[in-house]
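**Student:** One structure coming up, written as structure tokens, with questions to follow.
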Amino acid sequence: MRGVNKAFGSNQAVREFDFELPRGTVCGLLGPNGAGKTTAIRIMLDILGPDSGTVELLGEPVNAGVRERVGYLPEERGMYQKMKVGEHLAFFGAIKGMSRRDAGREAARWLERLDLRSRANDRVDTLSKGMQQKVQFIATILHQPELLILDEPFSGLDPINSELLREIVVERKRAGTTVLFSTHLIDDAERICDRVCMIAGARKVLDGTLAEVRAASGRKDVNVVFEGDRGWLGHPAVASLTDHGRRVEVRLAPGADAQDLLRAAVDAGARIERFEIAEPSLREIFLERAGARGLPATELQAAMAEAEAS
Amino acid sequence: MNHRVWAILRREYLERVRNKWFLLATLLVPLAMLGATFLPVVLAGQSQERPLVVAVIDRSGGELTERLDAVLARDNAEAREFRADREIATIGDLRDILSADLETARTTADAYLLFPSDVATFGSPSIITVADIGFRERTLRTAAQDAVQWLRAREAGLQPGAADALLADVEVLVEPVDPDADRSEVFQMIGFAFAMLLYVMFLVYGQMVARGVLEEKTSDIVEILVSSVRPWEMMLGKIVGIGAVGLTQVGIWAVVALVLSSFGLMGRVGEFIGATAELAQMAFPWSILVFALLYFVLGYLMYSAVFAGAGALLTSEQDIQQVLIPVMLPIIFPILIVWQVMDTPNRLWIVATSMFPLFSPILMPVRNAVTNVPAWQNAVSIVALVAAIWLAAWIAGRIYRVGILMKGKRPSIPELVRWMRHG
């Protein structure tokens with residue numbers, strides 16, 4: 001996506017959105033509620049036309065052929081309640097261009113895998129919500145799409161089933177599928193994503209591999225446990241600190257090197273027991289960036305951090 | 001038609017045809033129609049079993065009772081002299097006597113007829129009914145008139161034979177110069193049946209389309225579909241799939257009708273409406289059936305496209321009536337004027353109205369049944385209808401495209417116009 005804008009009335013849902021997803025990676029789309037994740041996904045799939053900007057899927061402008069190579073699981077998951085599970089899956093397979101026989105065979109295989117085989121001839125409305133969600137997941141991956149776009153795929157599932165679906169996502173990735181999924185569960189992103197993209201306030205605020213994102217956060221904490229001289233704590237690399245006496249949590253100034261600080265401490269004659277560089281967790285970055293969008297004062301900081309990072 | 005449209009069409013069709021309501025409606029409608037046709041025959045047959053009895057008080061002294069009895073005998077009725085305990089001079093006297101003992105009055109006769117003494121000059125006969133004689137009241141009145149005229153003719157000096165000749169029924173035969181141009185009552189009935197059937201089918205199946213769209217919206221299934229299927233493909237698949245359900249139903253009815261007619265039931269219906277001879281004489285013009293089917297298919301496509309667009313505007317069940325009523329008006333209007341169309345199918349305003357695409361799907365089959373519609377009128381109205389289908393599909397498609405993803409508030413008219421312009 002390049003320079004995509006989309007407004008609903010006076011509400012700007014997506015602003016100057018650039019996004020590129022390398023093939024074969026799993027990318028988490030993060031952001032607070034109402035940030036524009038679903039709108040961005042809808043634009044990618046050409047469900048909504050952008051006001052400006054261009055969109056390509058799998059290297060092509062979005063057309064009927066490309067759509068068939070994509071699997072999409074929206075957050076609002078509808079099902080034909082009166083259809084039988086097997087027919088439901090066959091229908092979605094047929095829409096994606098599968099023959100009835102292939103769709104039937106694949107559906108049977110996946111139902112078996114997700115422990116739903118005995119329900120193939122039951123009506124959808126007799127299934128529990130979690131089971132319906134699994135059936136929808138099957139409908140999304142039945143035609144072995146090259147690109148999977150999942151909107152909050154694991155929400156509302158019990159731990160066993162959500163683990164099972166995660167396993168399948170990772171498995172698809174190994175088979176070469178590109179996966180984009182939106183989530184508000186950062187742990188999910190941290191565990192199975194190669195990349196993350198964060199949207200807040202209709203803008204992209206972060207995009208890159210996990211390592212890049214951490215590095216770009218421009219923030220490092222150092223936990224030091226020591227005895228002796230405390231003068232080195234006034235070193236320019238220290239932006240702020242929380243002093244617990246023997247243990248001190250140091251926030252490094254943007255761009256500062258922790259090694260400089262360590263050298264200064266040793267030179268000052270402090271006895272260092274522990275010197276630990278703590279990279280911020282994705283959760284902290286998320287909160288920092290997402291929060292920044294809501295608060296004008298910190299927005300400036302975030303903008304500065306962004307400028308320094310680039 | 002690509003595989004996506006085909007998959008949707010197939011799903012829409014199977015879901016509805018497998019539904020038990022489809023089976024029930026398909027079976028019940030012909031039963032109800034048969035019932036409506038045969039019930040009057042059966043009932044009329046029963047009520048004619050018992051002869052109508054008229055008690056006559058004849059103060060003219062002109063043997064009117066005998067004359068009346070002779071005339072009524074043709075219609076399974078009889079006239080008897082009524083002898084009361086006291087003298088009956090006026091209709092008031094008669095009423096008093098009857099209401100004094102209604103039970104006896106009812107066992108004696110169904111109606112009481114008084115010929116006053118001056119009936120040969122200016123007086124009029126009066127009838128008091130004590131039972132419900134329904135449409136046979138007319139028989140009775142005609143017979144009484146006949147009796148009085150017969151008396152007056154004799155008073156004027158005619159011989160009894162001459163009076164009989166004077167009053168004998170005169171049959172007037174009416175024949176159109178071109179038997180095709182002005183068809184008989186049978187075709188009026190066929191035309192009316194077409195109108196009702198098309199009206200019901202358009203409304204039922206149109207609403208089915210609108211409800212189907214609403215269902216997909218409220219169940220959020222639309223979101224998954226639009227990621228794989230273009231809105232126009234969804235709309236086309238839905239409309240054609242549901243239309244195929246309608247054709248299946250009509251087909252089943254046609255088979256039922258053919259089977260019934262092979263048992264000779266149609267002949268009995270024809271007999272009842274007094275048209276057997278005509279039906280037998282005339283080769284049934286199959287063209288009117290073909291036209292009806294053609295207008296059904298085309299009309300369905302046009303109306304259901306509009307219904308699909310309207311369905312995309314709905315956000316909840318409560319909206320249905322409000323949004324769909326304007327859409328239903330063009331289907332209802334032809335029914336309001338169908339009697340005029342059947343009466344005078346070739347008047348200018350009726351020709352014009354019936355060829356107008358919004359109304360032609362119902363009115364043209366009616367006109368084709370009751371009159372010989374010039375070929376150019378059928379041709380022009382079909383071309384106009386096809387153009388209207390195209391236009392309706394274009395407008396509805398644009399509304400549909402935006403509408404199916406709309407939730408919450410229903411759009412205003414200016415918003416709709418914007419959708420159509422930019423859609």
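Lettering and numbering for the structure tokens are positional, with chains as A, B, ... in the shown order, residues counted from 1 in each chain, and ligands counted from 1 in the shown order.
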Hey, list the chain B side of the contact with chain A: 7 Å cut-off, only C-alpha atoms, answer as an mmCIF file with N, CA and C atoms, in the first residue's frame.
**Tutor:**
data_model
loop_
_atom_site.group_PDB
_atom_site.id
_atom_site.type_symbol
_atom_site.label_atom_id
_atom_site.label_comp_id
_atom_site.auth_asym_id
_atom_site.auth_seq_id
_atom_site.Cartn_x
_atom_site.Cartn_y
_atom_site.Cartn_z
ATOM 1 N N HIS B 3 -17.546 -18.984 -11.759
ATOM 2 C CA HIS B 3 -17.797 -19.982 -10.720
ATOM 3 C C HIS B 3 -18.279 -19.373 -9.415
ATOM 4 N N ARG B 4 -17.951 -18.083 -9.185
ATOM 5 C CA ARG B 4 -18.406 -17.459 -7.938
ATOM 6 C C ARG B 4 -19.917 -17.235 -7.985
ATOM 7 N N ALA B 7 -21.594 -20.545 -7.649
ATOM 8 C CA ALA B 7 -21.598 -21.092 -6.290
ATOM 9 C C ALA B 7 -22.680 -20.418 -5.451
ATOM 10 N N SER B 219 -25.959 -11.032 9.699
ATOM 11 C CA SER B 219 -25.142 -12.140 10.194
ATOM 12 C C SER B 219 -23.662 -11.911 9.903
ATOM 13 N N ASP B 220 -23.330 -10.755 9.320
ATOM 14 C CA ASP B 220 -21.932 -10.389 9.055
ATOM 15 C C ASP B 220 -21.262 -11.261 8.008
ATOM 16 N N ILE B 221 -22.025 -12.114 7.340
ATOM 17 C CA ILE B 221 -21.401 -13.006 6.379
ATOM 18 C C ILE B 221 -20.904 -12.230 5.177
ATOM 19 N N GLU B 223 -19.202 -9.663 5.013
ATOM 20 C CA GLU B 223 -17.811 -9.226 5.133
ATOM 21 C C GLU B 223 -16.855 -10.266 4.526
ATOM 22 N N ILE B 224 -17.153 -11.547 4.770
ATOM 23 C CA ILE B 224 -16.289 -12.587 4.197
ATOM 24 C C ILE B 224 -16.518 -12.675 2.693
ATOM 25 N N VAL B 226 -17.525 -10.411 0.512
ATOM 26 C CA VAL B 226 -17.021 -9.335 -0.347
ATOM 27 C C VAL B 226 -15.517 -9.395 -0.521
ATOM 28 N N SER B 227 -14.821 -10.140 0.336
ATOM 29 C CA SER B 227 -13.382 -10.243 0.125
ATOM 30 C C SER B 227 -13.060 -11.191 -1.023
ATOM 31 N N SER B 228 -14.033 -12.030 -1.415
ATOM 32 C CA SER B 228 -13.780 -12.961 -2.515
ATOM 33 C C SER B 228 -14.646 -12.673 -3.726
#
**Student:** Can you tell me, as a count of residues only, which residues in stretch 120-226 of chain B count as strand (DSSP E or B) by DSSP?
**Tutor:** 5
**Student:** In Å to one decimal, how far is atom CA of B:Leu314 from atom CA of B:Leu214?
**Tutor:** 6.2 Å
**Student:** Rounded to one decimal place, report the atom CA of B:Leu247-atom CA of B:Ala195 distance in Å.
**Tutor:**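 Those two atoms sit 16.5 Å apart.
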**Student:** Env of stretch 262-279 of chain A: 8 Å cut, atoms = only C-alpha atoms, seq-sep filter 4 positions within chain, self excluded. Answer as a ChimeraX atom specification.
**Tutor:** /A:214,219-233,235,258
**Student:** Within 6 Å of A:Ala237, counting only C-alpha atoms, which residues show up once you throw out same-chain ones fewer than 5 positions away? Write them as a VMD selection string, please.
**Tutor:** chain A and resid 252 to 253 256
**Student:** Store the residues picked out above, limited to C-alpha atoms, as an mmCIF file, in the first residue's frame.
**Tutor:**
data_model
loop_
_atom_site.group_PDB
_atom_site.id
_atom_site.type_symbol
_atom_site.label_atom_id
_atom_site.label_comp_id
_atom_site.auth_asym_id
_atom_site.auth_seq_id
_atom_site.Cartn_x
_atom_site.Cartn_y
_atom_site.Cartn_z
ATOM 1 C CA LEU A 252 19.366 5.906 28.814
ATOM 2 C CA ALA A 253 19.248 9.097 26.796
ATOM 3 C CA ALA A 256 23.441 6.831 24.206
#
**Student:** Leaving out A:Thr126 and any residue of its chain fewer than 4 positions from it, which residues lie within 10 Å of it when counting only C-alpha atoms, given as a VMD selection string?
**Tutor:** chain A and resid 81 to 82 84 to 85 119 122 131 to 132
**Student:** Since we have the selection now, will you write its residues out, keeping N, CA and C atoms, as a PDB file, in the first residue's frame?
**Tutor:**
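Below is the file that was written, result24.pdb:
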ATOM      1  N   GLN A  81     -26.208 -19.768   9.196  1.00  0.00           N
ATOM      2  CA  GLN A  81     -26.555 -20.577  10.361  1.00  0.00           C
ATOM      3  C   GLN A  81     -27.305 -21.844  10.003  1.00  0.00           C
ATOM      4  N   LYS A  82     -28.029 -21.819   8.892  1.00  0.00           N
ATOM      5  CA  LYS A  82     -28.878 -22.970   8.601  1.00  0.00           C
ATOM      6  C   LYS A  82     -28.205 -24.002   7.710  1.00  0.00           C
ATOM      7  N   LYS A  84     -25.335 -26.849   6.657  1.00  0.00           N
ATOM      8  CA  LYS A  84     -24.527 -27.843   7.340  1.00  0.00           C
ATOM      9  C   LYS A  84     -23.064 -27.433   7.245  1.00  0.00           C
ATOM     10  N   VAL A  85     -22.290 -27.850   8.245  1.00  0.00           N
ATOM     11  CA  VAL A  85     -20.891 -27.446   8.314  1.00  0.00           C
ATOM     12  C   VAL A  85     -20.143 -27.801   7.024  1.00  0.00           C
ATOM     13  N   ARG A 119     -19.005 -33.388  13.359  1.00  0.00           N
ATOM     14  CA  ARG A 119     -20.043 -32.355  13.218  1.00  0.00           C
ATOM     15  C   ARG A 119     -20.262 -31.935  11.770  1.00  0.00           C
ATOM     16  N   ASP A 122     -23.779 -31.542  10.805  1.00  0.00           N
ATOM     17  CA  ASP A 122     -24.657 -30.787  11.694  1.00  0.00           C
ATOM     18  C   ASP A 122     -24.837 -29.385  11.151  1.00  0.00           C
ATOM     19  N   MET A 131     -16.577 -23.490  18.290  1.00  0.00           N
ATOM     20  CA  MET A 131     -16.562 -24.418  17.150  1.00  0.00           C
ATOM     21  C   MET A 131     -16.814 -23.663  15.853  1.00  0.00           C
ATOM     22  N   GLN A 132     -17.777 -22.730  15.896  1.00  0.00           N
ATOM     23  CA  GLN A 132     -18.064 -21.943  14.691  1.00  0.00           C
ATOM     24  C   GLN A 132     -16.818 -21.180  14.254  1.00  0.00           C
TER      25      GLN A 132
END
**Student:** Might you pull out every residue within 10 Å of stretch 384-395 of chain B, with only C-alpha atoms counted and same-chain residues fewer than 5 positions away left off, and present them as a VMD selection string?
**Tutor:** chain B and resid 232 235 to 236 295 298 to 309 355 to 361 378 to 379 400 417 419 to 421 423
**Student:** Just the selected residues (N, CA and C atoms), exported as an mmCIF file, in the first residue's frame, please.
**Tutor:**
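Output saved as result_15.cif:
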data_model
loop_
_atom_site.group_PDB
_atom_site.id
_atom_site.type_symbol
_atom_site.label_atom_id
_atom_site.label_comp_id
_atom_site.auth_asym_id
_atom_site.auth_seq_id
_atom_site.Cartn_x
_atom_site.Cartn_y
_atom_site.Cartn_z
ATOM 1 N N TRP B 232 -21.533 -7.178 -7.391
ATOM 2 C CA TRP B 232 -22.480 -7.485 -8.481
ATOM 3 C C TRP B 232 -22.622 -8.986 -8.656
ATOM 4 N N MET B 235 -25.027 -10.134 -6.010
ATOM 5 C CA MET B 235 -26.393 -9.734 -6.318
ATOM 6 C C MET B 235 -26.966 -10.612 -7.423
ATOM 7 N N LEU B 236 -26.163 -10.824 -8.452
ATOM 8 C CA LEU B 236 -26.637 -11.637 -9.578
ATOM 9 C C LEU B 236 -26.929 -13.068 -9.123
ATOM 10 N N TYR B 295 -42.928 -12.590 -19.358
ATOM 11 C CA TYR B 295 -43.071 -11.395 -18.529
ATOM 12 C C TYR B 295 -42.779 -11.709 -17.067
ATOM 13 N N LEU B 298 -38.827 -11.723 -16.906
ATOM 14 C CA LEU B 298 -38.273 -10.378 -17.050
ATOM 15 C C LEU B 298 -38.700 -9.482 -15.892
ATOM 16 N N GLY B 299 -39.982 -9.572 -15.538
ATOM 17 C CA GLY B 299 -40.492 -8.745 -14.445
ATOM 18 C C GLY B 299 -39.791 -9.070 -13.145
ATOM 19 N N TYR B 300 -39.594 -10.366 -12.911
ATOM 20 C CA TYR B 300 -38.895 -10.774 -11.686
ATOM 21 C C TYR B 300 -37.493 -10.164 -11.639
ATOM 22 N N LEU B 301 -36.787 -10.221 -12.779
ATOM 23 C CA LEU B 301 -35.420 -9.685 -12.807
ATOM 24 C C LEU B 301 -35.419 -8.198 -12.452
ATOM 25 N N MET B 302 -36.393 -7.462 -13.002
ATOM 26 C CA MET B 302 -36.410 -6.032 -12.734
ATOM 27 C C MET B 302 -36.767 -5.740 -11.276
ATOM 28 N N TYR B 303 -37.906 -6.308 -10.833
ATOM 29 C CA TYR B 303 -38.348 -6.015 -9.464
ATOM 30 C C TYR B 303 -37.315 -6.493 -8.441
ATOM 31 N N SER B 304 -36.748 -7.696 -8.665
ATOM 32 C CA SER B 304 -35.867 -8.236 -7.631
ATOM 33 C C SER B 304 -34.557 -7.454 -7.561
ATOM 34 N N ALA B 305 -34.128 -6.869 -8.700
ATOM 35 C CA ALA B 305 -32.936 -6.013 -8.632
ATOM 36 C C ALA B 305 -33.221 -4.846 -7.699
ATOM 37 N N VAL B 306 -34.422 -4.262 -7.854
ATOM 38 C CA VAL B 306 -34.787 -3.144 -6.986
ATOM 39 C C VAL B 306 -34.893 -3.623 -5.530
ATOM 40 N N PHE B 307 -35.484 -4.796 -5.346
ATOM 41 C CA PHE B 307 -35.599 -5.338 -3.991
ATOM 42 C C PHE B 307 -34.213 -5.589 -3.388
ATOM 43 N N ALA B 308 -33.271 -6.045 -4.204
ATOM 44 C CA ALA B 308 -31.924 -6.309 -3.685
ATOM 45 C C ALA B 308 -31.275 -5.004 -3.238
ATOM 46 N N GLY B 309 -31.433 -3.951 -4.051
ATOM 47 C CA GLY B 309 -30.894 -2.648 -3.674
ATOM 48 C C GLY B 309 -31.535 -2.153 -2.384
ATOM 49 N N MET B 355 -47.804 -0.871 -21.226
ATOM 50 C CA MET B 355 -46.499 -1.041 -21.860
ATOM 51 C C MET B 355 -45.380 -0.412 -21.048
ATOM 52 N N PHE B 356 -45.741 0.373 -20.027
ATOM 53 C CA PHE B 356 -44.738 1.013 -19.175
ATOM 54 C C PHE B 356 -44.024 -0.065 -18.360
ATOM 55 N N PRO B 357 -42.679 -0.067 -18.395
ATOM 56 C CA PRO B 357 -41.936 -1.201 -17.811
ATOM 57 C C PRO B 357 -42.252 -1.516 -16.351
ATOM 58 N N LEU B 358 -42.605 -0.484 -15.561
ATOM 59 C CA LEU B 358 -42.878 -0.773 -14.152
ATOM 60 C C LEU B 358 -44.139 -1.605 -13.983
ATOM 61 N N PHE B 359 -45.061 -1.493 -14.957
ATOM 62 C CA PHE B 359 -46.339 -2.186 -14.815
ATOM 63 C C PHE B 359 -46.518 -3.326 -15.815
ATOM 64 N N SER B 360 -45.721 -3.306 -16.891
ATOM 65 C CA SER B 360 -45.965 -4.280 -17.955
ATOM 66 C C SER B 360 -45.855 -5.738 -17.504
ATOM 67 N N PRO B 361 -44.986 -6.086 -16.533
ATOM 68 C CA PRO B 361 -44.898 -7.505 -16.182
ATOM 69 C C PRO B 361 -46.211 -8.094 -15.700
ATOM 70 N N ASN B 378 -46.287 -5.833 -27.878
ATOM 71 C CA ASN B 378 -45.495 -6.777 -27.095
ATOM 72 C C ASN B 378 -44.008 -6.517 -27.280
ATOM 73 N N ALA B 379 -43.621 -6.290 -28.537
ATOM 74 C CA ALA B 379 -42.202 -6.087 -28.827
ATOM 75 C C ALA B 379 -41.680 -4.849 -28.102
ATOM 76 N N TYR B 400 -26.213 -1.302 -3.703
ATOM 77 C CA TYR B 400 -25.885 -2.568 -3.057
ATOM 78 C C TYR B 400 -24.440 -2.582 -2.582
ATOM 79 N N VAL B 417 -28.067 9.260 -3.311
ATOM 80 C CA VAL B 417 -27.725 9.853 -4.600
ATOM 81 C C VAL B 417 -26.212 9.889 -4.763
ATOM 82 N N TRP B 419 -24.055 7.809 -3.406
ATOM 83 C CA TRP B 419 -23.589 6.445 -3.675
ATOM 84 C C TRP B 419 -23.710 6.131 -5.155
ATOM 85 N N MET B 420 -24.861 6.563 -5.709
ATOM 86 C CA MET B 420 -25.108 6.229 -7.118
ATOM 87 C C MET B 420 -24.116 6.942 -8.013
ATOM 88 N N ARG B 421 -23.788 8.182 -7.630
ATOM 89 C CA ARG B 421 -22.887 8.950 -8.489
ATOM 90 C C ARG B 421 -21.462 8.435 -8.409
ATOM 91 N N GLY B 423 -20.433 5.562 -6.455
ATOM 92 C CA GLY B 423 -20.395 4.138 -6.143
ATOM 93 C C GLY B 423 -19.301 3.326 -6.683
#
**Student:** Which parts of stretch 92-193 of chain B does DSSP call helix (DSSP H, G or I) when run on the backbone here, written out as a ChimeraX atom specification?
**Tutor:** /B:92-100,102-108,117-120,136-155,160-167,185-193
**Student:** Given the choices A:Val170, A:Ala175, A:Leu287, A:Ala7, which gets closest to A:Ala202 if the distance is worked out from only C-alpha atoms?
**Tutor:**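 Closest candidate: A:Ala7.
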**Student:** Applying 10 Å and only C-alpha atoms, which residues near B:Ala144 remain after dropping the ones on its own chain fewer than 2 positions away? List them as a PyMOL selection string.
**Tutor:** chain B and resi 64-65+67-69+71-72+113-115+124-127+138-142+146-150
**Student:** Could you dump the residues just selected with C-alpha atoms as an mmCIF file, in the first residue's frame?
**Tutor:**
data_model
loop_
_atom_site.group_PDB
_atom_site.id
_atom_site.type_symbol
_atom_site.label_atom_id
_atom_site.label_comp_id
_atom_site.auth_asym_id
_atom_site.auth_seq_id
_atom_site.Cartn_x
_atom_site.Cartn_y
_atom_site.Cartn_z
ATOM 1 C CA LEU B 64 -101.222 -16.241 -11.462
ATOM 2 C CA THR B 65 -100.140 -19.068 -9.149
ATOM 3 C CA ARG B 67 -98.465 -19.379 -14.345
ATOM 4 C CA LEU B 68 -95.797 -18.712 -11.734
ATOM 5 C CA ASP B 69 -95.419 -22.389 -10.907
ATOM 6 C CA VAL B 71 -92.230 -20.639 -14.983
ATOM 7 C CA LEU B 72 -90.461 -21.531 -11.743
ATOM 8 C CA LEU B 113 -95.600 -13.371 -2.795
ATOM 9 C CA LEU B 114 -98.580 -11.047 -2.805
ATOM 10 C CA PHE B 115 -100.277 -10.055 -6.071
ATOM 11 C CA SER B 124 -96.918 -4.225 -8.138
ATOM 12 C CA PRO B 125 -96.340 -7.630 -6.569
ATOM 13 C CA SER B 126 -94.436 -7.797 -3.266
ATOM 14 C CA ILE B 127 -92.286 -10.538 -1.845
ATOM 15 C CA ARG B 138 -83.544 -12.918 -8.814
ATOM 16 C CA THR B 139 -85.208 -16.015 -10.220
ATOM 17 C CA LEU B 140 -88.250 -15.284 -8.108
ATOM 18 C CA ARG B 141 -88.470 -11.650 -9.139
ATOM 19 C CA THR B 142 -88.162 -12.444 -12.824
ATOM 20 C CA ASP B 146 -93.360 -12.582 -16.068
ATOM 21 C CA ALA B 147 -96.614 -13.570 -14.360
ATOM 22 C CA VAL B 148 -97.799 -9.969 -14.131
ATOM 23 C CA GLN B 149 -96.905 -9.243 -17.754
ATOM 24 C CA TRP B 150 -98.662 -12.398 -18.802
#
